[in-house]
Each structure stands twice: as structure tokens, then as C-alpha cells.
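Trainee: Have a look at the structure that comes next, please.
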Amino acid sequence: MPELLAPIAGNVWKILIAVGDKVELDDEVIILEALKMETPIYCDDSGTITEIRVKEGDAVNEGDVLAVIG
Amino acid sequence: MSRKQTPLRPYFEKMPGIGKELREGEVRRSQENLALVREQEELLAREVERVKNAGIPAEKIHQRGGMTIYDRLEYLVDDGTWCPLHTLYNPTDNEEGCTGVVNGIGKIEGRWAVIIGFDNKVMAGAWIAGQAENILMVTDMAKRLNVPLVWLTNCSGVKLMEQETVYAGRRSNGAPFYRHADLNHLGIPILNGIYGTNPAGGGYQGISPTVLIAHDGANIAVGGAGIVGGMNPRGHFDAETARALIDGTRAFKGKAPGRVETHFDQTAYFREVHDTEQGVLDGIKDYMRMMPAYDPVMFRVAEPAEPKLPAGDLDMLLPANQKRPYDAIQILARLVDNSEFMEYRPDYGREVFAGIAKIDGFPVAFIGNNQGIFPDYPAYAEGEYPGVGGKHYREGLIKQGEFVTLCGRDNLPIIWLQDTTGIDVGDLAEEAELLALGQSLVYSIEQTELSMMCVVLRKGTAAAHYIMCGPQANNNNAFTLGTPLTEIYVMHGETAAAASYARRLVKEEDAGNDLTPVLDKMNQMIQDYQDKSRPAYCAKSGFVDEIVPLTELRNYIKAFTGANYQNPRSITPVHQMLLPRIIKG
């Protein structure tokens, strides 16, 4: 199942989806904050959000799984 | 059989393609950004409309059988070539809402010219505050680009009620007469179409250009009829002197001096006189055909071509949210011919891109800020912090300096696409010599004889706004553009508020005081920074020469490039250029 990974280390600023949401390719789903910049996370596949592994305010490292698309 | 080709064809005919089409999802999620850009554009359009309607209504001029400055420009300038500049410029917040001159760059009879005229709706083209600086910016541009300056003079002279704002000082309304002399000295012709009554300052505005073409109702003179008639006040006015003034004014039948009977029939200052306003403009067109201009084929390295990717995408690609990164090469791909770019040292100094593109078939250099986060960069901060797009680091500064120097050698005009938050700071940055390398870039720019154009795509901040050929590069920067998303300030308002009040907060807390008053001041400061960095404010204050919709940037880039190659002072034979060879390796 496709996983959405953190491209950089930072904090989870906003989660724009919930488990069960249908998403499409290029939808913006999570926004990370690092170095005073927002880094939006986009879907690289279509499907349904089956799992969200972070919550707003969490610190994440590069490569961490943020969410899973089923 | 004859055979012809463009020079260095293997390098320039087909260069590496850049950019990619937007996917459906990218378009979908960019609609909010599009709406924010439109909102700014509409706000700016209302401001432009306000300036165009300054002074008396155009209908009044039309009822008198006259043309407004806008009618004159419409008649004079080749269709589709007009690029207005300084439209919202009004640094002293005049009651007129503008500086009383309308200017820009455009083609007349197929040749580029810097064009300026008095707005005859605004106090009959009077000298008003801020106008001299506007005129000086325009004369500087003609000098930088080495193209003719075309004046449409219609100038009633000093707004006497506010003479202290225009008459005296180093950069006052008298300075343009010296600038005209300077341009003539440098071999840059000034063509002047003269309308209406032009006394005193208006007279020198009339006489100082190279070629004078008059409407038959026009006059130019050292002084106006009132001054010639003479006044003898006692140092004040009372009922008796007022009576004399009223009677004298009623009885005054004199005509304004310096009419066509004098300056065409007797002195022969005017080369032509026309009985229609259009005739004057036709006369300017005739002279424009005589102006020095190479055929573009002389300098083109390929056939002109539009970008392969649509300009309309720009409003979706450049984020209105200043904290969002984007792909700067996607922007460039929508500005340059065929969406092609020959990049200089792409693996070195990753925070900036530099290279050669084509505009209208001419070779042009571009330098700009890449955006995003660069892990394991810069080398001097390894393990401490990653590089952030928009900032400048050691390698990027060195790359820009050497690229500019090579452009100077190859005579490549440079277009800077600025979106910068500054130069890296801190002990590591100082040890990495960033202070000196920033100034070294300034030195490199100044050492060239190149024309440069700057576009502040979003942020112009800190010293980085200066070193990337901002308008402070007086000898090289031909003009600077902003976009509907431009913000220019020394630093972000939040940073400035923290820097200004941090110690005060500590003191107040130590004293056991309520922090609210200080916090209010900090928040007011943030708001003030916001209000005084927006696009309309930047244009009004002269931080940029014009705010231009992203979709119209290429028109200005084409104007800059075309003007630059029209009559260059220095030529590098294309087949002797170094940069393309260095890039190829």
C-alpha cells in the first residue's frame, strides 16, 4: 500500500485529511513546518486514507511514514 | 547555392528543454492561489484606473478637440509593444495622486524607445512633487539601454503653490535639462513633440531635447505671459493692489511668448510644425525611422519562439503563501523561448540557478533563486543546518559572481528573478566569508557594462535584494519589476519586531510589568511592515518601476532584450563567446 513519507525533518503543522477520506493524485494532505517554511505533502496516488500515523505538532524525521493510502 | 545560418548553431538552435506541464491535480489544488493572485491584480488595476483618471476628465480635453497623453501614446506606439512604467509612482502622496508624467518603453515604427509625456489632464502638465525623480529614472533608462528618448511635452511649469517641492535641489525638476544634455553628449537622441503652453520650466523642457516638433498652438519660452507682463507687489496684497491686479488681468490681451511665429518662423528651433496633434506624432514617427537600430538578425542566435509551456500557469506556480516553496525552473520555463535553458554549474551553489536562455531569438542570461530545502548543503554548515531556498550561501555567491563576470565578457544582458530572504547569517556564515562574497557580487556587477533587469517575483529582503541587481545597482539596472505577489522589506515584520523589542520584553518582565503594551507595539510593527511592503506600496514608493501581472512579464523581458540589442555600445561576436563553451565543458 502506498505510504506518504516525510521528505524532510520537521513538525506536523496541519493534517488536512481523515481516515476514510478518498484522495486523488496531487491532493494536498499534510503540511510540515521546518526552517520557517511550509512543506506540503501531496498524494502520489489515488485511493482512500487507511491510516494516519502522526498528529498535529508531532516532530518527524526524514523518511517517516505520515499516512497510508489503501 | 547560398547557405545561411545563425551563429554557434550547435549551441543555441536547440538547447536543453526545461519545465513540465501541470498535471490535473496540480491545477485543481492551485485554484485558491489563482484566486489570491486575481485579488491582488484587481486591486492594482483599480489603482491604475485611478491614476489614468487623475485631473480633469478626458472628455473635457476631447471637447476642446485635443488629445490626452493616453490618446497620444495610443497613436504613437506600435500595437502590442507598450510596457508602462512608474504608473503608480507617487512617493510624496500628492493630492493629484500621481507625478503628472506617463512613461514606459515601447516600439515606434519598429524601433524601441523610452517614451515619456506630461499628463495634460493634471494641471496642464505642471511640475509637481515626485515628478523630477520619475523623469530622472526614465532618462537613466534611455542612457542604460542606449535607445532614443521620446518626449511628449505639454508642461505648464511649476505648480506655484508648492514650488518648494519641485524647484530647488540636486534632483529637482531642473536636473532633467542636464540629463538631456548628457544623453545628447552620449549620442542618444531625444525627440520632442511639443503641445500647449510651456513657459519657464516647460520652456526648457521644450528646448533641451535634440529634435523639436511642434503643434501649431504650442509655445516654449523662458517665462510666461504673466511674468512678461510684470508685477510689482509691495510685499503683500491689499484691496488697492488687488484692484490693480484685477483690472490688469481683465485688460491683458497679450499672447504667450515663444509661439510658432517666433520659434518656427524666426528662430527656427522647431524643425516641423503641424496643425493637427496627430501630425506632431507622425513627425516623431518619421524621425524614429531615422534612429540607429541594427536589424535583429545581426544578434539573433535562433528564430524567435514562444515558450512551449503556457504563461497562464504562472499564476498557479508562484505561491501567494510566502512560506511555500516552488520550482523556480517551472517559472523560467514559461518565460523563455521554446522553454529551453543552458544552465551554468547546476551542481554547484544549488540555491541559485544561472544560465543562458533565448528571448525573441536573442541570447540572454538569467539568474534566480531556487526554492525548497537543500539537505547536506552548504558544506560549511554540515551537521548544523540545511540550506533553505531563497537564501544565499558561499557557493551560490561565488557562482553568481563568476557567471556575471563571464556575462560581462560575452555581452549578455542579465535578467534577475529575485525571490530572496537574505544571505546566511551567524558565525559559520561569517567564517565562510559571506559578507565579502556579497559585496564581491556587487563589485562583479559594477565591473560589467551590462544592462540588467530585475524581477522581484515574491520577496526582496535584506542585502540580498541589493546584491541581486536590485534598483540600487544604478549603473546597470535598467528597471525593476514587481508582481502581484511582491513583498520588499529589510526583514520580515515578525523578525523586525522581535529584534526591536526582545530586550524591552525582558526588562518589563523583570520589573513585573504587564507585557501587553509592548506586545501591542510589536503587533503594530508587524502590521506596519505588511502594509508598507505590499505591491501597490512598492510601486507608489518607487521600490519597483512597475507591478506587472505574471502573465505579462515576458512582454517586459522582450522589451528589455530588444532595446538592449537595438544599438549596443559593445559587441561580442557570438562565435567568440566563452560561456556556452564553459557550460558545455
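Chain identifiers are assigned as A, B, and so on, following the order in which chains appear in the C-alpha cells; residues are numbered from 1 within each chain, and ligands are numbered from 1 in order of appearance.
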Per residue of chain A within 6 Å of chain B, what are the shortest atom pair and its distance in Å to one decimal, counting only C-alpha atoms, with rows by chain and residue number, as a Markdown table?
Mentor:
```
| residue | atom | partner | partner_atom | distance |
| --- | --- | --- | --- | --- |
| A:Asp26 | CA | B:Gly25 | CA | 4.8 |
| A:Met37 | CA | B:Lys323 | CA | 4.8 |
| A:Glu38 | CA | B:Arg324 | CA | 5.3 |
```
Trainee: Put those residues in a file: N, CA and C atoms, as a PDB file, in the first residue's frame.
Mentor:
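The resulting file, out-v7.pdb, is shown below:
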```pdb
ATOM      1  N   ASP A  26      -2.042  14.162  -6.380  1.00  0.00           N
ATOM      2  CA  ASP A  26      -1.690  15.579  -6.228  1.00  0.00           C
ATOM      3  C   ASP A  26      -2.539  16.336  -5.210  1.00  0.00           C
ATOM      4  N   MET A  37       9.491  27.392   7.015  1.00  0.00           N
ATOM      5  CA  MET A  37       8.825  27.152   5.726  1.00  0.00           C
ATOM      6  C   MET A  37       7.784  26.053   5.852  1.00  0.00           C
ATOM      7  N   GLU A  38       6.762  26.155   5.022  1.00  0.00           N
ATOM      8  CA  GLU A  38       5.772  25.092   4.949  1.00  0.00           C
ATOM      9  C   GLU A  38       6.183  24.114   3.851  1.00  0.00           C
TER      10      GLU A  38
END
```
Trainee: Need to verify the contact set: Ala67 of chain A, 7 Å, only C-alpha atoms, exclusion of same-chain residues closer than 4 positions in sequence. Can you return it as a list of chain:residue names?
Mentor: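 Answer for this query is A:Glu3, A:Leu4, A:Glu51, A:Ile52, A:Arg53.
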Trainee: Please, could you write that set of residues out with C-alpha atoms as a PDB file, in the first residue's frame?
Mentor:
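What landed in again12.pdb:
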```pdb
ATOM      1  CA  GLU A   3       2.816   5.334   2.046  1.00  0.00           C
ATOM      2  CA  LEU A   4       3.244   9.084   2.325  1.00  0.00           C
ATOM      3  CA  GLU A  51      -4.094   5.157   8.330  1.00  0.00           C
ATOM      4  CA  ILE A  52      -2.657   8.419   9.687  1.00  0.00           C
ATOM      5  CA  ARG A  53       0.423   7.796  11.806  1.00  0.00           C
TER       6      ARG A  53
END
```
Trainee: Residues of segment 279-300 of chain B that have any atom at most 10 Å from an atom of segment 359-364 of chain B: could you tabulate them with the shortest-distance atom pair and the distance in Å to one decimal, using only C-alpha atoms, ordered by chain and increasing number, as CSV?
Mentor:
```
residue,atom,partner,partner_atom,distance
B:Pro296,CA,B:Phe362,CA,8.2
B:Val297,CA,B:Gly361,CA,8.9
B:Met298,CA,B:Phe362,CA,9.7
B:Phe299,CA,B:Phe362,CA,6.4
B:Arg300,CA,B:Phe362,CA,4.6
```
Trainee: Can you tell me, as number ranges by chain, which residues in chain A count as strand (DSSP E) by DSSP?
Mentor: A: 3-5, 10-15, 22-23, 28-34, 37-42, 47-52, 59-60, 65-69
Trainee: Okay, now the selection with N, CA and C atoms, as an mmCIF file, in the first residue's frame?
Mentor:
```
data_model
loop_
_atom_site.group_PDB
_atom_site.id
_atom_site.type_symbol
_atom_site.label_atom_id
_atom_site.label_comp_id
_atom_site.auth_asym_id
_atom_site.auth_seq_id
_atom_site.Cartn_x
_atom_site.Cartn_y
_atom_site.Cartn_z
ATOM 1 N N GLU A 3 2.622 4.586 0.800
ATOM 2 C CA GLU A 3 2.816 5.334 2.046
ATOM 3 C C GLU A 3 3.272 6.749 1.724
ATOM 4 N N LEU A 4 2.773 7.698 2.489
ATOM 5 C CA LEU A 4 3.244 9.084 2.325
ATOM 6 C C LEU A 4 4.361 9.319 3.324
ATOM 7 N N LEU A 5 5.534 9.666 2.814
ATOM 8 C CA LEU A 5 6.716 9.804 3.668
ATOM 9 C C LEU A 5 7.082 11.266 3.879
ATOM 10 N N GLY A 10 10.895 17.746 10.433
ATOM 11 C CA GLY A 10 10.156 18.957 10.783
ATOM 12 C C GLY A 10 9.027 18.629 11.730
ATOM 13 N N ASN A 11 8.093 19.568 11.841
ATOM 14 C CA ASN A 11 6.916 19.342 12.683
ATOM 15 C C ASN A 11 5.675 19.245 11.807
ATOM 16 N N VAL A 12 4.740 18.406 12.245
ATOM 17 C CA VAL A 12 3.465 18.320 11.515
ATOM 18 C C VAL A 12 2.643 19.541 11.907
ATOM 19 N N TRP A 13 2.370 20.382 10.920
ATOM 20 C CA TRP A 13 1.639 21.624 11.215
ATOM 21 C C TRP A 13 0.136 21.438 11.021
ATOM 22 N N LYS A 14 -0.233 20.843 9.890
ATOM 23 C CA LYS A 14 -1.664 20.654 9.642
ATOM 24 C C LYS A 14 -1.904 19.296 8.990
ATOM 25 N N ILE A 15 -2.973 18.650 9.411
ATOM 26 C CA ILE A 15 -3.417 17.410 8.744
ATOM 27 C C ILE A 15 -4.755 17.733 8.082
ATOM 28 N N LYS A 22 -11.463 9.863 0.689
ATOM 29 C CA LYS A 22 -10.971 9.498 -0.639
ATOM 30 C C LYS A 22 -10.039 10.612 -1.117
ATOM 31 N N VAL A 23 -8.919 10.240 -1.650
ATOM 32 C CA VAL A 23 -7.941 11.232 -2.136
ATOM 33 C C VAL A 23 -7.545 10.905 -3.577
ATOM 34 N N GLU A 28 -3.397 17.849 -1.676
ATOM 35 C CA GLU A 28 -2.556 18.241 -0.537
ATOM 36 C C GLU A 28 -3.165 17.624 0.725
ATOM 37 N N VAL A 29 -2.391 16.860 1.466
ATOM 38 C CA VAL A 29 -2.985 16.128 2.592
ATOM 39 C C VAL A 29 -2.391 16.518 3.953
ATOM 40 N N ILE A 30 -1.131 16.842 3.990
ATOM 41 C CA ILE A 30 -0.468 17.197 5.253
ATOM 42 C C ILE A 30 0.505 18.347 4.987
ATOM 43 N N ILE A 31 0.669 19.228 5.973
ATOM 44 C CA ILE A 31 1.664 20.297 5.825
ATOM 45 C C ILE A 31 2.676 20.171 6.966
ATOM 46 N N LEU A 32 3.933 20.041 6.598
ATOM 47 C CA LEU A 32 5.006 20.042 7.589
ATOM 48 C C LEU A 32 5.552 21.454 7.721
ATOM 49 N N GLU A 33 6.113 21.758 8.875
ATOM 50 C CA GLU A 33 6.748 23.062 9.079
ATOM 51 C C GLU A 33 8.185 22.823 9.521
ATOM 52 N N ALA A 34 9.104 23.449 8.809
ATOM 53 C CA ALA A 34 10.518 23.346 9.187
ATOM 54 C C ALA A 34 11.251 24.557 8.644
ATOM 55 N N MET A 37 9.491 27.392 7.015
ATOM 56 C CA MET A 37 8.825 27.152 5.726
ATOM 57 C C MET A 37 7.784 26.053 5.852
ATOM 58 N N GLU A 38 6.762 26.155 5.022
ATOM 59 C CA GLU A 38 5.772 25.092 4.949
ATOM 60 C C GLU A 38 6.183 24.114 3.851
ATOM 61 N N THR A 39 6.116 22.839 4.168
ATOM 62 C CA THR A 39 6.361 21.840 3.133
ATOM 63 C C THR A 39 5.093 20.999 2.972
ATOM 64 N N PRO A 40 4.343 21.245 1.906
ATOM 65 C CA PRO A 40 3.111 20.475 1.720
ATOM 66 C C PRO A 40 3.407 19.052 1.250
ATOM 67 N N ILE A 41 2.638 18.119 1.725
ATOM 68 C CA ILE A 41 2.766 16.722 1.293
ATOM 69 C C ILE A 41 1.586 16.415 0.375
ATOM 70 N N TYR A 42 1.904 15.966 -0.830
ATOM 71 C CA TYR A 42 0.865 15.683 -1.817
ATOM 72 C C TYR A 42 0.735 14.179 -2.010
ATOM 73 N N GLY A 47 -6.816 6.982 -3.927
ATOM 74 C CA GLY A 47 -7.296 5.889 -3.082
ATOM 75 C C GLY A 47 -8.002 6.413 -1.858
ATOM 76 N N THR A 48 -7.954 5.628 -0.790
ATOM 77 C CA THR A 48 -8.614 6.014 0.460
ATOM 78 C C THR A 48 -7.560 6.023 1.568
ATOM 79 N N ILE A 49 -7.649 7.013 2.422
ATOM 80 C CA ILE A 49 -6.710 7.086 3.547
ATOM 81 C C ILE A 49 -7.080 5.986 4.546
ATOM 82 N N THR A 50 -6.174 5.062 4.737
ATOM 83 C CA THR A 50 -6.468 3.953 5.658
ATOM 84 C C THR A 50 -5.810 4.142 7.022
ATOM 85 N N GLU A 51 -4.816 4.990 7.071
ATOM 86 C CA GLU A 51 -4.094 5.157 8.330
ATOM 87 C C GLU A 51 -3.391 6.511 8.357
ATOM 88 N N ILE A 52 -3.452 7.195 9.489
ATOM 89 C CA ILE A 52 -2.657 8.419 9.687
ATOM 90 C C ILE A 52 -1.778 8.171 10.903
ATOM 91 N N ALA A 59 6.867 15.883 15.967
ATOM 92 C CA ALA A 59 8.139 16.051 15.247
ATOM 93 C C ALA A 59 8.371 14.785 14.423
ATOM 94 N N VAL A 60 8.780 14.955 13.191
ATOM 95 C CA VAL A 60 9.038 13.786 12.335
ATOM 96 C C VAL A 60 10.436 13.890 11.742
ATOM 97 N N VAL A 65 6.874 7.535 7.998
ATOM 98 C CA VAL A 65 5.580 7.373 7.327
ATOM 99 C C VAL A 65 4.564 8.291 8.009
ATOM 100 N N LEU A 66 3.909 9.113 7.197
ATOM 101 C CA LEU A 66 2.917 10.053 7.731
ATOM 102 C C LEU A 66 1.514 9.473 7.632
ATOM 103 N N ALA A 67 1.231 8.850 6.502
ATOM 104 C CA ALA A 67 -0.112 8.292 6.286
ATOM 105 C C ALA A 67 -0.010 7.181 5.252
ATOM 106 N N VAL A 68 -1.075 6.382 5.194
ATOM 107 C CA VAL A 68 -1.095 5.257 4.250
ATOM 108 C C VAL A 68 -2.357 5.370 3.396
ATOM 109 N N ILE A 69 -2.183 5.155 2.095
ATOM 110 C CA ILE A 69 -3.320 5.191 1.166
ATOM 111 C C ILE A 69 -3.624 3.759 0.737
#
```
Trainee: Which residues come within 12 Å of Gly187 of chain B, counting only C-alpha atoms, excluding same-chain residues fewer than 2 positions away, as a ChimeraX atom specification?
Mentor: /B:142-143,146-149,180-185,189-190,209-210,291-292,567,569
Trainee: Given the choices A:Gly63, A:Ala9, A:Ser46, A:Gly70, which gets closest to Asp27 of chain A if the distance is worked out from only C-alpha atoms?
Mentor: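 Of all the options, A:Ser46 lies closest to Asp27 of chain A.
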